[in-house]
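Working notes for the structure below.
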Amino acid sequence: MDDLELAWQTYEFHSSKIYDLEQLHLSNLKKIKIFKQKRIAPTESEKEKMVRAITRCCDNLIVHYKKQINSIKDLIKIYKSNGDELELSITDVDFLNELIDVTATLMEEMNKYKLEIKKLFD
């Protein structure tokens, strides 16, 4: 397996993990909405359990966002060092750089959200 193929597989692996974790995050958001709509307030135990689950999901997303950014940087490095052989255009590298920016923004937003979780249950 060459470096390029390995780099793409690494990127795809983290993309898949991120997709799964984002689905879990959406599920957690629905649970928060249900908690907020309950006529009977959730117990402290239920609140703590939900905060732990959400925090764990956020932490995992942040880790995979970081790893995805690193895998994109690896792809850029490989393409730049082997550009003639791989027939990569500047547009493709620009796209990869934009992807880093988008992923970094998602990671920042997840960090902000993680800080706000406890406030949701006060």
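By convention here, the chains of the structure tokens are called A, B, ... in the order presented, each chain's residues are numbered starting at 1, and ligands are numbered starting at 1 in the order presented.
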Would you write out, as a Markdown table, a table of all residues in segment 8-73 of chain A that have an atom no more than 7 Å from an atom of segment 99-113 of chain A, listing for each the closest atom pair and the distance in Å to one decimal, considering only C-alpha atoms and ordering rows by chain and rising residue number?
| residue | atom | partner | partner_atom | distance |
| --- | --- | --- | --- | --- |
| A:Cys58 | CA | A:Met110 | CA | 6.3 |
| A:Ile62 | CA | A:Met107 | CA | 5.5 |
| A:Tyr65 | CA | A:Met107 | CA | 6.2 |
| A:Ile69 | CA | A:Ile100 | CA | 5.6 |
| A:Ile72 | CA | A:Ile100 | CA | 6.9 |
| Could you state the separation of atom CA of Gln37 of chain A and atom CA of Leu24 of chain A in Å, given to one decimal place? |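 It comes out at 20.0 Å.
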| field | Surrounding residues of segment 20-23 of chain A excluding itself and chain neighbours under 3 positions, 9 Å, only C-alpha atoms, as a PyMOL selection string | value | chain A and resi 15-17+26-28+57-58+60-61
| query | In terms of the shortest atom-to-atom distance over only C-alpha atoms, which of A:Thr43, A:Lys66, A:Val93, A:Thr55 is closest to Tyr79 of chain A? | reply |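 Closest to Tyr79 of chain A, using only C-alpha atoms: A:Val93.
In terms of minimum interatomic distance to Lys118 of chain A, A:Ile32 ranks closest within A:Phe13, A:Ile32, A:Trp8, A:Tyr19, counting only C-alpha atoms.
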| Residue contacts of Asp74 of chain A (12 Å, only C-alpha atoms) excluding same-chain residues fewer than 6 positions away, as a ChimeraX atom specification | /A:3-11,67-68,80-81,93,96-97,100
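Computed from the coordinates, the atom CA of Ile40 of chain A to atom CA of Asp59 of chain A distance equals 29.6 Å.
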| Among listed residues A:Arg39, A:His64, A:Lys77, A:Lys119, nearest Ile18 of chain A (using only C-alpha atoms) |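 Nearest candidate to Ile18 of chain A out of A:Arg39, A:His64, A:Lys77, A:Lys119: A:His64.
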| Nearest to Ala53 of chain A by atom-to-atom distance, counting only C-alpha atoms, from A:Phe95, A:Ile78, A:Asn70, A:Ile117 |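 Under the stated criterion, the closest residue is A:Ile117.
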| task | Measuring atom to atom with only C-alpha atoms, identify which of A:Asp92, A:Lys114, A:Lys30, A:Leu120 is nearest to Arg56 of chain A. | result |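 Closest candidate: A:Lys114.
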